[in-house]
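Trainee: Got a structure here, written out as structure tokens. Questions coming.
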Amino acid sequence: MQFKAILGQEAVKAHLIRSVEAGRVSHAQLFTGNEGVGALPLAIAYAQYLNCPHRHQGDSCGVCPSCYQIEQLAHPDLHFVVPVNTPKGKSSGEKPLSSRFMPQWREIVTRTGGYFSEQQWYEAIEIDNKQGNISTFEADEIIRDLSFKAFESEYKIVLIWLPERMNVQAANKLLKIIEEPWEKTLFLMVSESPDKLLPTIVSRTQSVNVPGIETEVMIDYLRRQGVSEADAPKMARLSRGSLLEAQRLVASLQTNEHQASFDYFVQLMRLSYENRHMELLEWAETVASLGREEQKNLMVNSIRLIRDSYMMTAGVSEISFLFGKEYDFCKRFAPYVNNSNVERLVSEMELVIRQIGQNGNPKIIFPHFALTISKLIGPLKP
Ligand SMILES: [Zn+2]
């Protein structure tokens, strides 16, 4: 992986490159950053840069044997340690070690460019609802790997993804390794929750803070995904610098259920302010026939749209998180939501969520709900 394949993070890249040029390569480094900001691909690109004999113009060459092997995540001097567990259907007697999961690791890193969540990783290795961890056996394995000399490269590198998944014994073993640096050996840790690490580990590593992806870079990325000029800045803000979050938002624009939920909300509000009772009851009948999960999502989305419309009325539309059709509708709808009804509207929707959760009868819940909403919206002609 080359630096140029990573979205934004120009300041971090420049910092890493400078430290190599100045010969200040610390033997234990802790990359910290939230999910989706690119801390893992940065650490891999850094490993590739360090071991490339032909690095130039602030990047590894990408074509030499060392670069090629790291691109394939199959370099003999680059070891990955990642949280794992026993896959479903396998005997829990065997000790699950990272090395057994390298085919899945190569697949997910290559497919996503290094941007994936911890959950996606657990799905890839099919450990069901179990959490992964880094065991003491893994720490023993690291020591064993390090006792061999580097095969061919300048640095032997151990990259530990999510060190916060180490138990205390494993962390203490690792600490001993870090405390007595091995010649030409680097530890790169990539953490999403450094607060969960042993303070002694944090204090013995040099930290590389990876912030959110730059807003301008994210806007540009979203436009290239086909998001409109108007929506891209809002979605960039909503993504909070996480590429994964941005990808989820783009996907949500395309899912049918999200669209259906929005359509039901719009119908309910239109029929309410036009006081069309017969059609409101038809609306209630349709919604009552949906699945409970979908009904709940409809209410959750409705609460969000009501709150954001209210913020527009209150003149704070710049903190609204709406975009696309939702934004267009709520801008026109906003005058109907104000101090006199916003609390009641939200509490009626919350009531429905509770009633559905308690297995109430939707054929009774929704007609009552629709008529109540119509009373709250109807009389207010702005
Ligand atoms: Zn190279």
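Here, A, B, ... name the chains of the structure tokens in the order displayed, residue numbers run from 1 inside each chain, and ligands are numbered from 1 in the same displayed order.
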I'd like the neighbourhood of range 93-101 of chain A as a list in words, where a residue qualifies if any of its atoms comes within 7 Å (using only C-alpha atoms), though same-chain residues fewer than 2 positions away should be ignored.
Mentor: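 Within the cut-off, the hits are Val81, Val82, Val84, Asn85, Thr86, Ser91, Pro103, Gln104, Trp105 and Glu138 of chain A.
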Trainee: Atoms to include: N, CA and C atoms. Write the selected residues as an mmCIF file, in the first residue's frame.
Mentor:
data_model
loop_
_atom_site.group_PDB
_atom_site.id
_atom_site.type_symbol
_atom_site.label_atom_id
_atom_site.label_comp_id
_atom_site.auth_asym_id
_atom_site.auth_seq_id
_atom_site.Cartn_x
_atom_site.Cartn_y
_atom_site.Cartn_z
ATOM 1 N N VAL A 81 -0.653 -8.977 13.804
ATOM 2 C CA VAL A 81 -1.320 -9.566 14.961
ATOM 3 C C VAL A 81 -2.670 -8.868 15.078
ATOM 4 N N VAL A 82 -3.734 -9.662 15.015
ATOM 5 C CA VAL A 82 -5.078 -9.075 14.973
ATOM 6 C C VAL A 82 -5.990 -9.864 15.913
ATOM 7 N N VAL A 84 -8.701 -12.277 17.128
ATOM 8 C CA VAL A 84 -9.381 -13.425 16.504
ATOM 9 C C VAL A 84 -10.113 -14.224 17.579
ATOM 10 N N ASN A 85 -10.842 -15.219 17.139
ATOM 11 C CA ASN A 85 -11.509 -16.130 18.076
ATOM 12 C C ASN A 85 -11.793 -17.417 17.324
ATOM 13 N N THR A 86 -12.394 -18.387 17.997
ATOM 14 C CA THR A 86 -12.682 -19.650 17.337
ATOM 15 C C THR A 86 -13.873 -19.485 16.396
ATOM 16 N N SER A 91 -13.898 -26.606 16.860
ATOM 17 C CA SER A 91 -13.665 -26.948 18.260
ATOM 18 C C SER A 91 -12.946 -25.808 18.953
ATOM 19 N N PRO A 103 -5.338 -15.504 5.304
ATOM 20 C CA PRO A 103 -6.055 -15.409 4.019
ATOM 21 C C PRO A 103 -7.232 -14.427 4.089
ATOM 22 N N GLN A 104 -8.010 -14.501 5.196
ATOM 23 C CA GLN A 104 -9.139 -13.572 5.343
ATOM 24 C C GLN A 104 -8.639 -12.136 5.519
ATOM 25 N N TRP A 105 -7.525 -12.013 6.244
ATOM 26 C CA TRP A 105 -6.952 -10.676 6.485
ATOM 27 C C TRP A 105 -6.528 -10.038 5.161
ATOM 28 N N GLU A 138 -0.527 -15.570 21.515
ATOM 29 C CA GLU A 138 -0.134 -14.670 20.429
ATOM 30 C C GLU A 138 1.141 -13.930 20.815
#
Trainee: Taking the DSSP assignment computed from this structure's backbone, write out as a PyMOL selection string all residues of range 197-333 of chain A that belong to helix (DSSP H, G or I).
Mentor: chain A and resi 199-203+215-224+231-239+243-254+256-273+277-288+292-313+317-319+324-333
Trainee: Among range 198-252 of chain A, which residues carry a DSSP assignment of strand (DSSP E or B), reported as a PyMOL selection string?
Mentor: chain A and resi 206-209
Trainee: Give me a file of those residues, with C-alpha atoms, as a compact mmCIF listing (two decimals), in the first residue's frame.
Mentor:
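After the write, selection35.txt holds the following:
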# COMPACT_ATOMS: atom_id res chain seq x y z
CA GLN A 206 5.48 7.15 20.42
CA SER A 207 2.02 8.22 19.44
CA VAL A 208 0.88 9.03 15.92
CA ASN A 209 -2.49 10.71 16.15
Trainee: In terms of the shortest atom-to-atom distance over only C-alpha atoms, which of A:Trp121, A:Tyr264, A:Tyr273, A:Tyr46 is closest to Glu294 in chain A?
Mentor: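 Ranked by minimum distance to Glu294 in chain A, first place goes to A:Tyr264.
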Trainee: Counting only C-alpha atoms and all ligand atoms, what are the residues, protein, DNA or RNA alike, that approach ligand 1 to within 7 Å? I want them as number ranges by chain.
Mentor: A: 52-55, 60-67
Trainee: Would you mind listing what lies within 9 Å of Arg292 in chain A as a PyMOL selection string, with only C-alpha atoms counted and same-chain residues fewer than 2 positions away left out?
Mentor: chain A and resi 288-290+294-297+356-357+359+362
Trainee: Next, write the just-selected residues to a file, as a short mmCIF file (atom, residue, chain, number, x, y, z; two decimals), in the first residue's frame, keeping N, CA and C atoms as the atom set.
Mentor:
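Resulting contents of part-v7.cif:
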data_model
loop_
_atom_site.label_atom_id
_atom_site.label_comp_id
_atom_site.auth_asym_id
_atom_site.auth_seq_id
_atom_site.Cartn_x
_atom_site.Cartn_y
_atom_site.Cartn_z
N ALA A 288 -49.81 -0.26 9.59
CA ALA A 288 -50.06 -1.33 10.57
C ALA A 288 -49.70 -2.70 10.01
N SER A 289 -49.66 -2.80 8.67
CA SER A 289 -49.36 -4.10 8.08
C SER A 289 -47.85 -4.32 7.86
N LEU A 290 -47.04 -3.30 8.17
CA LEU A 290 -45.58 -3.47 8.03
C LEU A 290 -45.04 -4.32 9.18
N GLU A 294 -39.75 -2.42 10.98
CA GLU A 294 -39.92 -1.33 10.02
C GLU A 294 -40.76 -0.21 10.63
N GLN A 295 -41.78 -0.61 11.41
CA GLN A 295 -42.61 0.40 12.07
C GLN A 295 -41.78 1.22 13.05
N LYS A 296 -40.92 0.52 13.77
CA LYS A 296 -40.08 1.22 14.74
C LYS A 296 -39.12 2.17 14.03
N ASN A 297 -38.52 1.69 12.93
CA ASN A 297 -37.61 2.56 12.18
C ASN A 297 -38.33 3.79 11.63
N ILE A 356 -45.16 -0.60 20.40
CA ILE A 356 -44.75 -1.68 19.49
C ILE A 356 -43.82 -2.64 20.22
N GLY A 357 -42.92 -2.06 21.02
CA GLY A 357 -41.99 -2.89 21.79
C GLY A 357 -42.71 -3.80 22.76
N ASN A 359 -45.48 -5.22 22.18
CA ASN A 359 -46.38 -6.07 21.41
C ASN A 359 -47.81 -5.57 21.32
N PRO A 362 -50.91 -3.12 16.28
CA PRO A 362 -50.69 -1.99 15.37
C PRO A 362 -51.99 -1.46 14.75
#
Trainee: Which of these residues is nearest to Ile143 in chain A, using only C-alpha atoms: A:Pro335, A:Pro199, A:Pro181, A:Pro163?
Mentor: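 For Ile143 in chain A, the nearest of the candidates is A:Pro181.
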Trainee: Excluding Leu345 in chain A and any residue of its chain fewer than 5 positions from it, enumerate the residues within 9 Å of it, using only C-alpha atoms, and give them as a list in words.
Mentor: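 Final neighbour list, sorted by chain and number: Ile303, Ile306, Val337, Glu350, Thr372, Ile373, Leu376 and Ile377 of chain A.
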Trainee: Within 9 Å of Leu281 in chain A, counting only C-alpha atoms, which residues show up once you throw out same-chain ones fewer than 2 positions away? Write them as a list in words, please.
Mentor: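 What passes the distance filter is Arg276, His277, Met278, Glu279, Trp283, Ala284, Glu285, Thr286, Phe366, Pro367, His368, Ala370 and Leu371 of chain A.
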Trainee: Those residues you just picked out, can you put them in a file as an mmCIF file, in the first residue's frame with C-alpha atoms?
Mentor:
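Result file follows (part33.cif):
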data_model
loop_
_atom_site.group_PDB
_atom_site.id
_atom_site.type_symbol
_atom_site.label_atom_id
_atom_site.label_comp_id
_atom_site.auth_asym_id
_atom_site.auth_seq_id
_atom_site.Cartn_x
_atom_site.Cartn_y
_atom_site.Cartn_z
ATOM 1 C CA ARG A 276 -57.916 14.316 5.398
ATOM 2 C CA HIS A 277 -59.210 11.868 7.990
ATOM 3 C CA MET A 278 -60.347 9.047 5.741
ATOM 4 C CA GLU A 279 -56.985 8.915 4.020
ATOM 5 C CA TRP A 283 -52.359 5.395 5.880
ATOM 6 C CA ALA A 284 -52.643 3.856 9.350
ATOM 7 C CA GLU A 285 -53.915 0.599 7.911
ATOM 8 C CA THR A 286 -50.975 0.358 5.492
ATOM 9 C CA PHE A 366 -51.650 3.567 14.242
ATOM 10 C CA PRO A 367 -55.190 4.925 13.601
ATOM 11 C CA HIS A 368 -55.071 6.613 16.999
ATOM 12 C CA ALA A 370 -52.428 9.276 12.826
ATOM 13 C CA LEU A 371 -55.456 11.193 14.099
#
Trainee: Report, in Å to a single decimal, how far apart CA of Gly58 in chain A and CA of Ala74 in chain A are.
Mentor: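 Straight-line distance from CA of Ala74 in chain A to CA of Gly58 in chain A works out to 23.1 Å.
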Trainee: Using only C-alpha atoms, determine which residues lie at most 12 Å from Phe148 in chain A, disregarding the query and same-chain residues fewer than 2 positions distant; provide the list as a VMD selection string.
Mentor: chain A and resid 76 to 77 141 to 146 150 to 152 156 182 to 185
Trainee: At a cut-off of 12 Å, using only C-alpha atoms, what residues contact Phe329 in chain A? Leave out same-chain residues fewer than 6 positions from it and give the result as a PyMOL selection string.
Mentor: chain A and resi 262-263+265-267+269-270+305-306+308-309+312+322-323+335-336
Trainee: Save the residues we just selected, N, CA and C atoms, as a PDB file, in the first residue's frame?
Mentor:
ATOM      1  N   PHE A 262     -39.232   7.416   4.576  1.00  0.00           N
ATOM      2  CA  PHE A 262     -39.369   8.843   4.312  1.00  0.00           C
ATOM      3  C   PHE A 262     -40.712   9.133   3.620  1.00  0.00           C
ATOM      4  N   ASP A 263     -41.084   8.294   2.656  1.00  0.00           N
ATOM      5  CA  ASP A 263     -42.353   8.503   1.954  1.00  0.00           C
ATOM      6  C   ASP A 263     -43.546   8.432   2.924  1.00  0.00           C
ATOM      7  N   PHE A 265     -43.545   9.132   6.072  1.00  0.00           N
ATOM      8  CA  PHE A 265     -43.513  10.339   6.895  1.00  0.00           C
ATOM      9  C   PHE A 265     -44.134  11.514   6.138  1.00  0.00           C
ATOM     10  N   VAL A 266     -43.721  11.679   4.885  1.00  0.00           N
ATOM     11  CA  VAL A 266     -44.230  12.792   4.079  1.00  0.00           C
ATOM     12  C   VAL A 266     -45.747  12.675   3.907  1.00  0.00           C
ATOM     13  N   GLN A 267     -46.226  11.460   3.616  1.00  0.00           N
ATOM     14  CA  GLN A 267     -47.678  11.264   3.453  1.00  0.00           C
ATOM     15  C   GLN A 267     -48.420  11.648   4.730  1.00  0.00           C
ATOM     16  N   MET A 269     -47.599  13.667   7.110  1.00  0.00           N
ATOM     17  CA  MET A 269     -47.602  15.100   7.378  1.00  0.00           C
ATOM     18  C   MET A 269     -48.511  15.854   6.394  1.00  0.00           C
ATOM     19  N   ARG A 270     -48.499  15.453   5.122  1.00  0.00           N
ATOM     20  CA  ARG A 270     -49.372  16.115   4.134  1.00  0.00           C
ATOM     21  C   ARG A 270     -50.832  15.903   4.488  1.00  0.00           C
ATOM     22  N   LEU A 305     -36.707  13.610  11.781  1.00  0.00           N
ATOM     23  CA  LEU A 305     -37.141  14.623  10.814  1.00  0.00           C
ATOM     24  C   LEU A 305     -37.891  15.762  11.495  1.00  0.00           C
ATOM     25  N   ILE A 306     -38.692  15.415  12.513  1.00  0.00           N
ATOM     26  CA  ILE A 306     -39.409  16.449  13.266  1.00  0.00           C
ATOM     27  C   ILE A 306     -38.407  17.364  13.972  1.00  0.00           C
ATOM     28  N   ASP A 308     -35.251  17.909  13.268  1.00  0.00           N
ATOM     29  CA  ASP A 308     -34.467  18.724  12.334  1.00  0.00           C
ATOM     30  C   ASP A 308     -35.326  19.832  11.719  1.00  0.00           C
ATOM     31  N   SER A 309     -36.601  19.535  11.476  1.00  0.00           N
ATOM     32  CA  SER A 309     -37.492  20.585  10.955  1.00  0.00           C
ATOM     33  C   SER A 309     -37.629  21.695  11.988  1.00  0.00           C
ATOM     34  N   MET A 312     -34.810  23.989  11.949  1.00  0.00           N
ATOM     35  CA  MET A 312     -34.871  24.942  10.831  1.00  0.00           C
ATOM     36  C   MET A 312     -35.781  26.102  11.188  1.00  0.00           C
ATOM     37  N   LEU A 322     -29.725  17.184   7.624  1.00  0.00           N
ATOM     38  CA  LEU A 322     -30.514  16.633   6.521  1.00  0.00           C
ATOM     39  C   LEU A 322     -29.871  16.930   5.175  1.00  0.00           C
ATOM     40  N   PHE A 323     -30.125  16.039   4.240  1.00  0.00           N
ATOM     41  CA  PHE A 323     -29.668  16.316   2.880  1.00  0.00           C
ATOM     42  C   PHE A 323     -30.639  15.674   1.905  1.00  0.00           C
ATOM     43  N   PRO A 335     -42.175  25.273   8.932  1.00  0.00           N
ATOM     44  CA  PRO A 335     -43.070  26.214   9.623  1.00  0.00           C
ATOM     45  C   PRO A 335     -44.201  25.532  10.399  1.00  0.00           C
ATOM     46  N   TYR A 336     -44.472  24.263  10.092  1.00  0.00           N
ATOM     47  CA  TYR A 336     -45.553  23.568  10.789  1.00  0.00           C
ATOM     48  C   TYR A 336     -45.092  22.981  12.138  1.00  0.00           C
TER      49      TYR A 336
END
Trainee: As an exercise, work out the distance from CA of His79 in chain A to CA of Ser26 in chain A in Å and give it to one decimal place.
Mentor: 17.6 Å
Trainee: From the options A:Gln2, A:Ser19, A:Asn129, A:Ser340, which residue's atoms come nearest to Ile70 in chain A, counting only C-alpha atoms?
Mentor: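 Between A:Gln2, A:Ser19, A:Asn129, A:Ser340, the residue approaching Ile70 in chain A most closely is A:Gln2.
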